[in-house]
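Shown next: final16.pdb, given as PDB, C-alpha atoms.
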MODEL        1
ATOM      1  CA  MET T   1      -4.262 -15.128  44.725
ATOM      2  CA  LYS T   2      -1.596 -12.424  44.539
ATOM      3  CA  PRO T   3      -2.559  -9.468  42.323
ATOM      4  CA  ASN T   4       0.487 -10.014  40.055
ATOM      5  CA  GLN T   5      -0.445 -13.650  39.517
ATOM      6  CA  HIS T   6      -3.979 -12.607  38.711
ATOM      7  CA  ILE T   7      -2.700 -10.087  36.170
ATOM      8  CA  GLN T   8      -0.431 -12.691  34.575
ATOM      9  CA  ASP T   9      -3.333 -15.098  34.355
ATOM     10  CA  GLU T  10      -5.393 -12.478  32.584
ATOM     11  CA  VAL T  11      -2.537 -11.750  30.206
ATOM     12  CA  GLU T  12      -2.131 -15.433  29.301
ATOM     13  CA  LYS T  13      -5.862 -15.920  28.811
ATOM     14  CA  THR T  14      -5.925 -12.918  26.493
ATOM     15  CA  ILE T  15      -2.907 -14.105  24.522
ATOM     16  CA  HIS T  16      -4.684 -17.432  23.975
ATOM     17  CA  SER T  17      -8.067 -15.902  23.153
ATOM     18  CA  ILE T  18      -7.419 -16.218  19.413
ATOM     19  CA  GLU T  19      -6.625 -19.925  19.537
ATOM     20  CA  GLY T  20      -8.764 -21.792  17.041
ATOM     21  CA  ILE T  21      -9.550 -18.545  15.249
ATOM     22  CA  GLU T  22     -11.292 -19.118  11.927
ATOM     23  CA  ARG T  23     -10.657 -17.163   8.782
ATOM     24  CA  ALA T  24     -12.879 -14.146   8.230
ATOM     25  CA  GLU T  25     -14.684 -14.203   4.899
ATOM     26  CA  PRO T  26     -15.388 -11.216   2.677
ATOM     27  CA  THR T  27     -19.033 -10.324   2.047
ATOM     28  CA  PRO T  28     -20.918 -12.173  -0.737
ATOM     29  CA  PHE T  29     -20.145 -11.350  -4.373
ATOM     30  CA  PHE T  30     -16.611 -10.288  -3.543
ATOM     31  CA  LEU T  31     -15.511 -11.861  -6.819
ATOM     32  CA  THR T  32     -17.996  -9.777  -8.819
ATOM     33  CA  ARG T  33     -16.876  -6.552  -7.184
ATOM     34  CA  THR T  34     -13.218  -7.423  -7.698
ATOM     35  CA  GLN T  35     -13.809  -8.215 -11.371
ATOM     36  CA  ALA T  36     -15.553  -4.844 -11.763
ATOM     37  CA  ARG T  37     -12.644  -3.106 -10.078
ATOM     38  CA  LEU T  38     -10.155  -4.803 -12.393
ATOM     39  CA  ALA T  39     -12.236  -3.757 -15.411
ATOM     40  CA  ARG T  40     -12.300  -0.111 -14.225
ATOM     41  CA  HIS T  41      -8.571  -0.196 -13.540
ATOM     42  CA  THR T  42      -7.772  -1.636 -16.975
ATOM     43  CA  THR T  43     -10.010   0.894 -18.754
ATOM     44  CA  SER T  44      -8.533   3.912 -17.005
ATOM     45  CA  GLN T  45      -5.013   2.678 -17.739
ATOM     46  CA  SER T  46      -5.712   2.203 -21.460
ATOM     47  CA  LEU T  47      -7.286   5.676 -21.784
ATOM     48  CA  THR T  48      -4.420   7.560 -20.217
ATOM     49  CA  GLY T  49      -1.620   5.033 -20.325
ATOM     50  CA  TRP T  50      -0.657   5.754 -23.901
ATOM     51  CA  VAL T  51       0.436   9.233 -22.869
ATOM     52  CA  PHE T  52       3.295   7.726 -20.927
ATOM     53  CA  ARG T  53       4.577   5.344 -23.574
ATOM     54  CA  PRO T  54       8.264   6.016 -24.294
ATOM     55  CA  ALA T  55       7.729   6.913 -27.964
ATOM     56  CA  TYR T  56       5.220   9.595 -27.089
ATOM     57  CA  VAL T  57       7.303  10.951 -24.219
ATOM     58  CA  LEU T  58      10.373  11.226 -26.469
ATOM     59  CA  ALA T  59       8.376  12.786 -29.282
ATOM     60  CA  SER T  60       6.891  15.329 -26.864
ATOM     61  CA  LEU T  61      10.296  16.206 -25.447
ATOM     62  CA  GLY T  62      11.702  16.485 -28.963
ATOM     63  CA  LEU T  63       8.916  18.843 -29.928
ATOM     64  CA  VAL T  64       9.465  21.024 -26.873
ATOM     65  CA  LEU T  65      13.198  21.140 -27.591
ATOM     66  CA  LEU T  66      12.565  22.051 -31.223
ATOM     67  CA  LEU T  67      10.176  24.827 -30.241
ATOM     68  CA  ASN T  68      12.663  26.209 -27.734
ATOM     69  CA  LEU T  69      15.506  26.168 -30.269
ATOM     70  CA  SER T  70      13.283  27.858 -32.872
ATOM     71  CA  ALA T  71      12.310  30.537 -30.356
ATOM     72  CA  VAL T  72      15.953  31.156 -29.451
ATOM     73  CA  ALA T  73      17.004  31.253 -33.117
ATOM     74  CA  TYR T  74      14.139  33.656 -33.964
ATOM     75  CA  ALA T  75      14.985  35.893 -31.037
ATOM     76  CA  HIS T  76      18.631  35.862 -32.050
ATOM     77  CA  GLN T  77      17.690  36.778 -35.600
ATOM     78  CA  GLN T  78      15.450  39.607 -34.384
ATOM     79  CA  VAL T  79      18.259  41.004 -32.213
ATOM     80  CA  ALA T  80      20.718  40.791 -35.115
ATOM     81  CA  GLN T  81      18.316  42.572 -37.464
ATOM     82  CA  TYR T  82      17.679  45.270 -34.856
ATOM     83  CA  GLU T  83      21.383  45.824 -34.384
ATOM     84  CA  LEU T  84      21.880  46.020 -38.143
ATOM     85  CA  ASP T  85      19.085  48.563 -38.435
ATOM     86  CA  GLN T  86      20.563  50.627 -35.631
ATOM     87  CA  GLU T  87      23.976  50.552 -37.237
ATOM     88  CA  THR T  88      22.470  51.665 -40.559
ATOM     89  CA  VAL T  89      20.714  54.602 -38.883
ATOM     90  CA  VAL T  90      23.938  55.664 -37.141
ATOM     91  CA  LEU T  91      25.974  55.439 -40.334
ATOM     92  CA  SER T  92      23.344  57.378 -42.246
ATOM     93  CA  ALA T  93      23.494  60.123 -39.659
ATOM     94  CA  GLU T  94      27.298  60.204 -39.798
ATOM     95  CA  TRP T  95      27.638  60.273 -43.577
ATOM     96  CA  GLY T  96      24.535  62.244 -44.359
ATOM     97  CA  ASN T  97      23.260  59.673 -46.771
ATOM     98  CA  ASP T  98      20.454  57.304 -46.696
ATOM     99  CA  LEU T  99      22.417  54.119 -47.117
ATOM    100  CA  ARG T 100      19.293  52.208 -47.627
ATOM    101  CA  ALA T 101      18.536  54.055 -50.865
ATOM    102  CA  LEU T 102      20.027  52.707 -54.060
ATOM    103  CA  ASP T 103      22.517  55.020 -55.694
ATOM    104  CA  TRP T 104      22.055  54.677 -59.400
TER
ATOM    105  CA  MET Y   1      -6.331 -25.681 -12.333
ATOM    106  CA  ASP Y   2      -2.845 -26.223 -10.897
ATOM    107  CA  VAL Y   3      -0.472 -23.390 -10.043
ATOM    108  CA  PRO Y   4       1.525 -23.342 -13.326
ATOM    109  CA  GLN Y   5      -1.743 -23.331 -15.302
ATOM    110  CA  LEU Y   6      -3.066 -20.525 -13.114
ATOM    111  CA  ILE Y   7       0.077 -18.443 -13.652
ATOM    112  CA  THR Y   8      -0.003 -19.043 -17.416
ATOM    113  CA  GLY Y   9      -3.687 -18.166 -17.514
ATOM    114  CA  LEU Y  10      -3.160 -14.944 -15.579
ATOM    115  CA  GLN Y  11      -0.243 -13.982 -17.811
ATOM    116  CA  ARG Y  12      -2.517 -14.461 -20.815
ATOM    117  CA  GLY Y  13      -5.149 -12.286 -19.134
ATOM    118  CA  ASP Y  14      -7.595 -15.172 -18.992
ATOM    119  CA  PRO Y  15     -10.752 -14.131 -17.042
ATOM    120  CA  GLY Y  16     -11.259 -17.736 -15.932
ATOM    121  CA  ALA Y  17      -7.823 -17.730 -14.343
ATOM    122  CA  PHE Y  18      -8.601 -14.493 -12.529
ATOM    123  CA  ARG Y  19     -11.856 -15.941 -11.235
ATOM    124  CA  TYR Y  20     -10.028 -19.024 -10.002
ATOM    125  CA  LEU Y  21      -7.365 -16.842  -8.363
ATOM    126  CA  VAL Y  22      -9.920 -14.795  -6.426
ATOM    127  CA  GLU Y  23     -12.042 -17.763  -5.412
ATOM    128  CA  THR Y  24      -9.001 -19.680  -4.186
ATOM    129  CA  TYR Y  25      -7.286 -16.906  -2.287
ATOM    130  CA  GLN Y  26     -10.015 -14.468  -1.214
ATOM    131  CA  SER Y  27     -10.352 -15.777   2.355
ATOM    132  CA  ARG Y  28      -6.615 -15.829   2.957
ATOM    133  CA  VAL Y  29      -6.116 -12.351   1.560
ATOM    134  CA  TYR Y  30      -9.139 -10.828   3.290
ATOM    135  CA  ASN Y  31      -8.337 -12.432   6.646
ATOM    136  CA  THR Y  32      -4.700 -11.265   6.529
ATOM    137  CA  VAL Y  33      -5.640  -7.728   5.552
ATOM    138  CA  LEU Y  34      -8.465  -7.531   8.107
ATOM    139  CA  ALA Y  35      -6.130  -8.450  10.962
ATOM    140  CA  ILE Y  36      -3.887  -5.514  10.058
ATOM    141  CA  VAL Y  37      -6.356  -2.796   9.089
ATOM    142  CA  ARG Y  38      -9.024  -3.931  11.589
ATOM    143  CA  ASN Y  39     -11.913  -2.560   9.574
ATOM    144  CA  PRO Y  40     -14.079  -4.827   7.371
ATOM    145  CA  ASP Y  41     -14.917  -2.216   4.709
ATOM    146  CA  GLU Y  42     -11.338  -1.118   4.387
ATOM    147  CA  ALA Y  43     -10.155  -4.748   4.401
ATOM    148  CA  GLU Y  44     -12.419  -5.568   1.485
ATOM    149  CA  ASP Y  45     -11.247  -2.501  -0.421
ATOM    150  CA  VAL Y  46      -7.602  -3.433   0.112
ATOM    151  CA  ALA Y  47      -8.230  -7.104  -0.689
ATOM    152  CA  GLN Y  48      -9.695  -6.127  -4.069
ATOM    153  CA  GLU Y  49      -6.589  -4.022  -4.729
ATOM    154  CA  VAL Y  50      -4.410  -7.017  -3.909
ATOM    155  CA  PHE Y  51      -6.035  -9.136  -6.631
ATOM    156  CA  VAL Y  52      -5.849  -6.314  -9.143
ATOM    157  CA  GLN Y  53      -2.154  -5.950  -8.419
ATOM    158  CA  VAL Y  54      -1.550  -9.695  -8.644
ATOM    159  CA  PHE Y  55      -3.202  -9.728 -12.067
ATOM    160  CA  GLU Y  56      -1.290  -6.691 -13.306
ATOM    161  CA  SER Y  57       2.094  -7.747 -11.925
ATOM    162  CA  ILE Y  58       1.923 -11.426 -12.868
ATOM    163  CA  GLN Y  59       4.311 -10.805 -15.789
ATOM    164  CA  SER Y  60       7.029  -9.856 -13.294
ATOM    165  CA  PHE Y  61       6.349 -12.911 -11.110
ATOM    166  CA  GLY Y  62       9.251 -15.264 -11.724
ATOM    167  CA  GLY Y  63       6.991 -18.269 -11.796
ATOM    168  CA  ASP Y  64       9.610 -20.373 -10.139
ATOM    169  CA  GLY Y  65       8.924 -18.828  -6.755
ATOM    170  CA  LYS Y  66       5.899 -19.577  -4.612
ATOM    171  CA  LEU Y  67       2.702 -17.950  -5.819
ATOM    172  CA  THR Y  68       0.955 -18.159  -2.440
ATOM    173  CA  ALA Y  69       3.858 -16.506  -0.622
ATOM    174  CA  TRP Y  70       3.960 -13.788  -3.265
ATOM    175  CA  ILE Y  71       0.232 -13.103  -2.824
ATOM    176  CA  TYR Y  72       0.610 -12.936   0.966
ATOM    177  CA  ARG Y  73       3.496 -10.498   0.491
ATOM    178  CA  ILE Y  74       1.367  -8.189  -1.654
ATOM    179  CA  ALA Y  75      -1.492  -8.483   0.854
ATOM    180  CA  THR Y  76       0.609  -7.565   3.881
ATOM    181  CA  THR Y  77       2.334  -4.732   2.019
ATOM    182  CA  LYS Y  78      -0.949  -3.192   0.870
ATOM    183  CA  ALA Y  79      -2.522  -3.663   4.307
ATOM    184  CA  LEU Y  80       0.369  -1.859   5.981
ATOM    185  CA  GLU Y  81       0.174   0.956   3.402
ATOM    186  CA  ALA Y  82      -3.534   1.412   4.114
ATOM    187  CA  TYR Y  83      -2.897   1.335   7.846
ATOM    188  CA  ARG Y  84      -0.182   4.009   7.598
ATOM    189  CA  LYS Y  85      -2.335   6.198   5.379
ATOM    190  CA  ARG Y  86      -5.304   6.009   7.758
ATOM    191  CA  HIS Y  87      -3.146   6.829  10.746
ATOM    192  CA  ALA Y  88      -1.560   9.772   8.968
ATOM    193  CA  ARG Y  89      -5.082  11.092   8.282
ATOM    194  CA  LYS Y  90      -6.091  10.521  11.915
ATOM    195  CA  ARG Y  91      -3.020  12.323  13.212
ATOM    196  CA  TRP Y  92      -3.850  15.258  10.962
ATOM    197  CA  ALA Y  93      -7.472  15.165  12.088
ATOM    198  CA  PHE Y  94      -6.345  15.121  15.692
ATOM    199  CA  PHE Y  95      -4.042  18.061  15.043
ATOM    200  CA  THR Y  96      -6.800  20.097  13.429
ATOM    201  CA  SER Y  97      -9.207  19.090  16.214
ATOM    202  CA  LEU Y  98      -6.936  20.859  18.694
ATOM    203  CA  PHE Y  99      -8.233  24.057  17.188
ATOM    204  CA  THR Y 100     -11.898  23.162  17.526
ATOM    205  CA  ALA Y 101     -13.913  22.792  20.705
ATOM    206  CA  ASP Y 102     -16.035  19.757  19.939
ATOM    207  CA  ASP Y 103     -13.551  16.886  20.081
ATOM    208  CA  GLU Y 104     -14.594  14.308  22.698
ATOM    209  CA  ALA Y 105     -12.521  11.209  21.963
ATOM    210  CA  GLY Y 106      -9.076  11.036  23.519
ATOM    211  CA  PHE Y 107      -5.911  10.891  21.451
ATOM    212  CA  ASP Y 108      -5.222   7.273  22.282
ATOM    213  CA  GLU Y 109      -8.711   6.084  21.461
ATOM    214  CA  ARG Y 110      -8.716   7.795  18.085
ATOM    215  CA  LEU Y 111      -5.474   6.187  17.036
ATOM    216  CA  HIS Y 112      -6.011   2.817  18.669
ATOM    217  CA  PRO Y 113      -9.691   1.880  18.954
ATOM    218  CA  VAL Y 114     -10.188  -1.328  20.943
ATOM    219  CA  ASP Y 115     -13.576  -2.297  19.588
ATOM    220  CA  PHE Y 116     -12.431  -4.447  16.662
ATOM    221  CA  ALA Y 117     -14.273  -7.763  16.717
ATOM    222  CA  HIS Y 118     -12.743 -10.396  14.465
ATOM    223  CA  PRO Y 119     -15.601 -12.564  13.194
ATOM    224  CA  GLY Y 120     -13.488 -15.710  13.365
ATOM    225  CA  VAL Y 121     -12.998 -15.551  17.138
ATOM    226  CA  LYS Y 122     -15.246 -17.657  19.380
ATOM    227  CA  LEU Y 123     -18.056 -15.612  20.877
ATOM    228  CA  GLU Y 124     -16.997 -16.125  24.471
ATOM    229  CA  GLN Y 125     -13.508 -14.879  23.620
ATOM    230  CA  GLN Y 126     -14.535 -11.783  21.667
ATOM    231  CA  GLU Y 127     -13.945  -9.320  24.481
ATOM    232  CA  ARG Y 128     -10.477 -10.649  25.309
ATOM    233  CA  ALA Y 129      -9.590 -10.913  21.622
ATOM    234  CA  ALA Y 130     -10.525  -7.261  21.137
ATOM    235  CA  VAL Y 131      -8.015  -6.314  23.841
ATOM    236  CA  LEU Y 132      -5.392  -8.528  22.202
ATOM    237  CA  PHE Y 133      -5.992  -7.007  18.761
ATOM    238  CA  GLY Y 134      -5.552  -3.580  20.326
ATOM    239  CA  ALA Y 135      -2.148  -4.673  21.588
ATOM    240  CA  ILE Y 136      -1.212  -6.336  18.261
ATOM    241  CA  ASP Y 137      -2.090  -3.059  16.571
ATOM    242  CA  ARG Y 138       0.733  -1.324  18.417
ATOM    243  CA  LEU Y 139       3.442  -3.820  17.514
ATOM    244  CA  PRO Y 140       6.228  -2.749  15.138
ATOM    245  CA  GLU Y 141       5.244  -3.626  11.574
ATOM    246  CA  ASN Y 142       7.491  -6.661  11.111
ATOM    247  CA  GLN Y 143       6.363  -8.213  14.366
ATOM    248  CA  LYS Y 144       2.739  -7.451  13.531
ATOM    249  CA  VAL Y 145       3.028  -9.158  10.147
ATOM    250  CA  ALA Y 146       4.850 -12.212  11.517
ATOM    251  CA  PHE Y 147       2.340 -12.582  14.359
ATOM    252  CA  THR Y 148      -0.634 -12.187  12.002
ATOM    253  CA  LEU Y 149       0.699 -14.704   9.498
ATOM    254  CA  HIS Y 150       1.451 -17.298  12.176
ATOM    255  CA  HIS Y 151      -1.325 -16.924  14.744
ATOM    256  CA  ILE Y 152      -4.194 -15.639  12.604
ATOM    257  CA  GLU Y 153      -3.434 -17.175   9.231
ATOM    258  CA  GLY Y 154      -1.802 -20.312  10.572
ATOM    259  CA  LEU Y 155       1.316 -20.151   8.413
ATOM    260  CA  SER Y 156       4.343 -22.148   9.529
ATOM    261  CA  TYR Y 157       7.663 -20.449  10.293
ATOM    262  CA  GLN Y 158       9.027 -21.801   7.000
ATOM    263  CA  GLU Y 159       6.091 -20.422   5.050
ATOM    264  CA  ILE Y 160       6.555 -17.049   6.716
ATOM    265  CA  THR Y 161      10.214 -16.942   5.582
ATOM    266  CA  ASP Y 162       8.914 -17.210   2.005
ATOM    267  CA  VAL Y 163       6.536 -14.290   2.525
ATOM    268  CA  MET Y 164       8.654 -11.828   4.458
ATOM    269  CA  GLN Y 165      11.692 -10.329   2.827
ATOM    270  CA  LEU Y 166      14.370  -7.838   3.735
ATOM    271  CA  GLY Y 167      15.672  -5.927   0.722
ATOM    272  CA  GLY Y 168      14.483  -8.649  -1.624
ATOM    273  CA  THR Y 169      16.048 -11.471   0.395
ATOM    274  CA  PRO Y 170      13.779 -13.895   2.286
ATOM    275  CA  LEU Y 171      14.063 -13.746   6.050
ATOM    276  CA  SER Y 172      15.843 -16.644   7.709
ATOM    277  CA  LEU Y 173      14.001 -19.082   9.942
ATOM    278  CA  SER Y 174      15.807 -17.711  12.991
ATOM    279  CA  ALA Y 175      14.823 -14.160  12.020
ATOM    280  CA  VAL Y 176      11.166 -15.198  11.897
ATOM    281  CA  GLU Y 177      11.471 -17.008  15.241
ATOM    282  CA  SER Y 178      13.049 -13.901  16.713
ATOM    283  CA  LEU Y 179      10.267 -11.659  15.385
ATOM    284  CA  LEU Y 180       7.590 -13.918  16.839
ATOM    285  CA  HIS Y 181       9.357 -14.140  20.173
ATOM    286  CA  ARG Y 182       9.717 -10.352  20.390
ATOM    287  CA  ALA Y 183       6.092  -9.910  19.384
ATOM    288  CA  LYS Y 184       4.990 -12.157  22.251
ATOM    289  CA  VAL Y 185       7.246 -10.335  24.732
ATOM    290  CA  ASN Y 186       5.869  -6.962  23.628
ATOM    291  CA  LEU Y 187       2.297  -8.182  23.767
ATOM    292  CA  ARG Y 188       2.759  -9.549  27.277
ATOM    293  CA  LYS Y 189       4.303  -6.260  28.381
ATOM    294  CA  ARG Y 190       1.471  -4.198  26.946
ATOM    295  CA  LEU Y 191      -1.231  -6.496  28.253
ATOM    296  CA  THR Y 192       0.325  -6.514  31.717
ATOM    297  CA  ASN Y 193       0.151  -2.706  31.778
ATOM    298  CA  TYR Y 194      -3.393  -2.841  30.506
ATOM    299  CA  TYR Y 195      -4.597  -5.214  33.198
ATOM    300  CA  ARG Y 196      -2.594  -3.450  35.874
ATOM    301  CA  GLN Y 197      -4.399  -0.180  35.026
ATOM    302  CA  ASP Y 198      -7.658  -2.054  34.859
ATOM    303  CA  ASN Y 199      -7.159  -3.210  38.454
TER
ENDMDL
END
Written as structure tokens, that's how I'd like the structure from this file.
Amino acid sequence: MKPNQHIQDEVEKTIHSIEGIERAEPTPFFLTRTQARLARHTTSQSLTGWVFRPAYVLASLGLVLLLNLSAVAYAHQQVAQYELDQETVVLSAEWGNDLRALDW
Amino acid sequence: MDVPQLITGLQRGDPGAFRYLVETYQSRVYNTVLAIVRNPDEAEDVAQEVFVQVFESIQSFGGDGKLTAWIYRIATTKALEAYRKRHARKRWAFFTSLFTADDEAGFDERLHPVDFAHPGVKLEQQERAAVLFGAIDRLPENQKVAFTLHHIEGLSYQEITDVMQLGGTPLSLSAVESLLHRAKVNLRKRLTNYYRQDN
């Protein structure tokens, strides 16, 4: 038999080696283990899943935005007050008066 | 329990429906996954994930489509994901092993072990089947899935069109025929090289 023919015979026999193959079965109590896995999956989702509900996400974002705006407004106010104080000091120096004291 | 009752039961979260689902489909799912991942422990792990996903996604199942095809689709998708993940880990392990002195297995062997013995193959064919599974392992994914569904699960071409989709559209019958034909051509090519080297 020519070597090529022999090789082709081997190839065909190998291709047909899975003819009549039967289904592999999982190990016993597969159902029990799968039910346990589903239970674990469901529990972990309910414990942490609420964090990702739209209402909570929006509320969290709203809170962050509010905090940021408050911080900006506070900082702005602080800068404005500082500038006012500086201006008062400069004017006092120029005019020789303490403009912060009441002049009754 | 018929299919509509099963779907309704699953959508209601009925434990009895889930039990029925697993008992009815466990062999099909496990066998399909095993042929792709080629490791019994991993196949069982993935098969469990398939049923969990079926249960959790049943709300999005149209109900008018074919439940069995949908389950096979989830099974093949998850099996391929597991396969890719394992091979990414192996490639990384191989890369890091380049910097250590104690690696003995060759690159090819680590990525494509040939010692997978499918329990459903006749005993006298186990050795040949192991060689074949090694060749199937190297097929492109679509060809691998089509070949597995037809030759290992026994699905018809029509049934395979219901399982395999491209961008949400079922494959045509001719597309499935083409995939199976190309799979056979590739397998023959690879096996010819294998036996040529063997000689």
Might you spell out which residues the ChimeraX specification (/Y :<7) & /T would select in the displayed file, as a ChimeraX atom specification?
-> /T:7-8,11,14-15,17-18,21-26,31,34,38
Let me know the residues the PyMOL selection byres ((chain Y and resi 77) around 12) catches in the file above, as a PDB file with C-alpha atoms, keeping the file's coordinate frame.
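That gives us expr34.pdb:
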ATOM      1  CA  VAL Y  29      -6.116 -12.351   1.560  1.00  0.00           C
ATOM      2  CA  THR Y  32      -4.700 -11.265   6.529  1.00  0.00           C
ATOM      3  CA  VAL Y  33      -5.640  -7.728   5.552  1.00  0.00           C
ATOM      4  CA  ILE Y  36      -3.887  -5.514  10.058  1.00  0.00           C
ATOM      5  CA  VAL Y  37      -6.356  -2.796   9.089  1.00  0.00           C
ATOM      6  CA  VAL Y  46      -7.602  -3.433   0.112  1.00  0.00           C
ATOM      7  CA  ALA Y  47      -8.230  -7.104  -0.689  1.00  0.00           C
ATOM      8  CA  GLU Y  49      -6.589  -4.022  -4.729  1.00  0.00           C
ATOM      9  CA  VAL Y  50      -4.410  -7.017  -3.909  1.00  0.00           C
ATOM     10  CA  GLN Y  53      -2.154  -5.950  -8.419  1.00  0.00           C
ATOM     11  CA  TRP Y  70       3.960 -13.788  -3.265  1.00  0.00           C
ATOM     12  CA  ILE Y  71       0.232 -13.103  -2.824  1.00  0.00           C
ATOM     13  CA  TYR Y  72       0.610 -12.936   0.966  1.00  0.00           C
ATOM     14  CA  ARG Y  73       3.496 -10.498   0.491  1.00  0.00           C
ATOM     15  CA  ILE Y  74       1.367  -8.189  -1.654  1.00  0.00           C
ATOM     16  CA  ALA Y  75      -1.492  -8.483   0.854  1.00  0.00           C
ATOM     17  CA  THR Y  76       0.609  -7.565   3.881  1.00  0.00           C
ATOM     18  CA  LYS Y  78      -0.949  -3.192   0.870  1.00  0.00           C
ATOM     19  CA  ALA Y  79      -2.522  -3.663   4.307  1.00  0.00           C
ATOM     20  CA  LEU Y  80       0.369  -1.859   5.981  1.00  0.00           C
ATOM     21  CA  GLU Y  81       0.174   0.956   3.402  1.00  0.00           C
ATOM     22  CA  ALA Y  82      -3.534   1.412   4.114  1.00  0.00           C
ATOM     23  CA  TYR Y  83      -2.897   1.335   7.846  1.00  0.00           C
ATOM     24  CA  ARG Y  84      -0.182   4.009   7.598  1.00  0.00           C
ATOM     25  CA  GLU Y 141       5.244  -3.626  11.574  1.00  0.00           C
ATOM     26  CA  ASN Y 142       7.491  -6.661  11.111  1.00  0.00           C
ATOM     27  CA  LYS Y 144       2.739  -7.451  13.531  1.00  0.00           C
ATOM     28  CA  VAL Y 145       3.028  -9.158  10.147  1.00  0.00           C
ATOM     29  CA  VAL Y 163       6.536 -14.290   2.525  1.00  0.00           C
ATOM     30  CA  MET Y 164       8.654 -11.828   4.458  1.00  0.00           C
ATOM     31  CA  GLN Y 165      11.692 -10.329   2.827  1.00  0.00           C
TER      32      GLN Y 165
END
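In this model, the gap between atom CA of His6 of chain T and atom CA of Glu19 of chain T comes to 20.7 Å.
Take atom CA of Lys66 of chain Y and atom CA of Thr24 of chain Y: the distance between them is 14.9 Å.
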Enter the distance from atom CA of His87 of chain Y to atom CA of Phe147 of chain Y, in Å, rounded to one decimal.
-> 20.5 Å
Carefully work through the PyMOL selection byres ((chain Y and resi 167-182) around 7) for this structure and note down the residues it includes, as a PyMOL selection string.
-> chain Y and resi 143+146-147+157-158+161-162+164-166+183-186
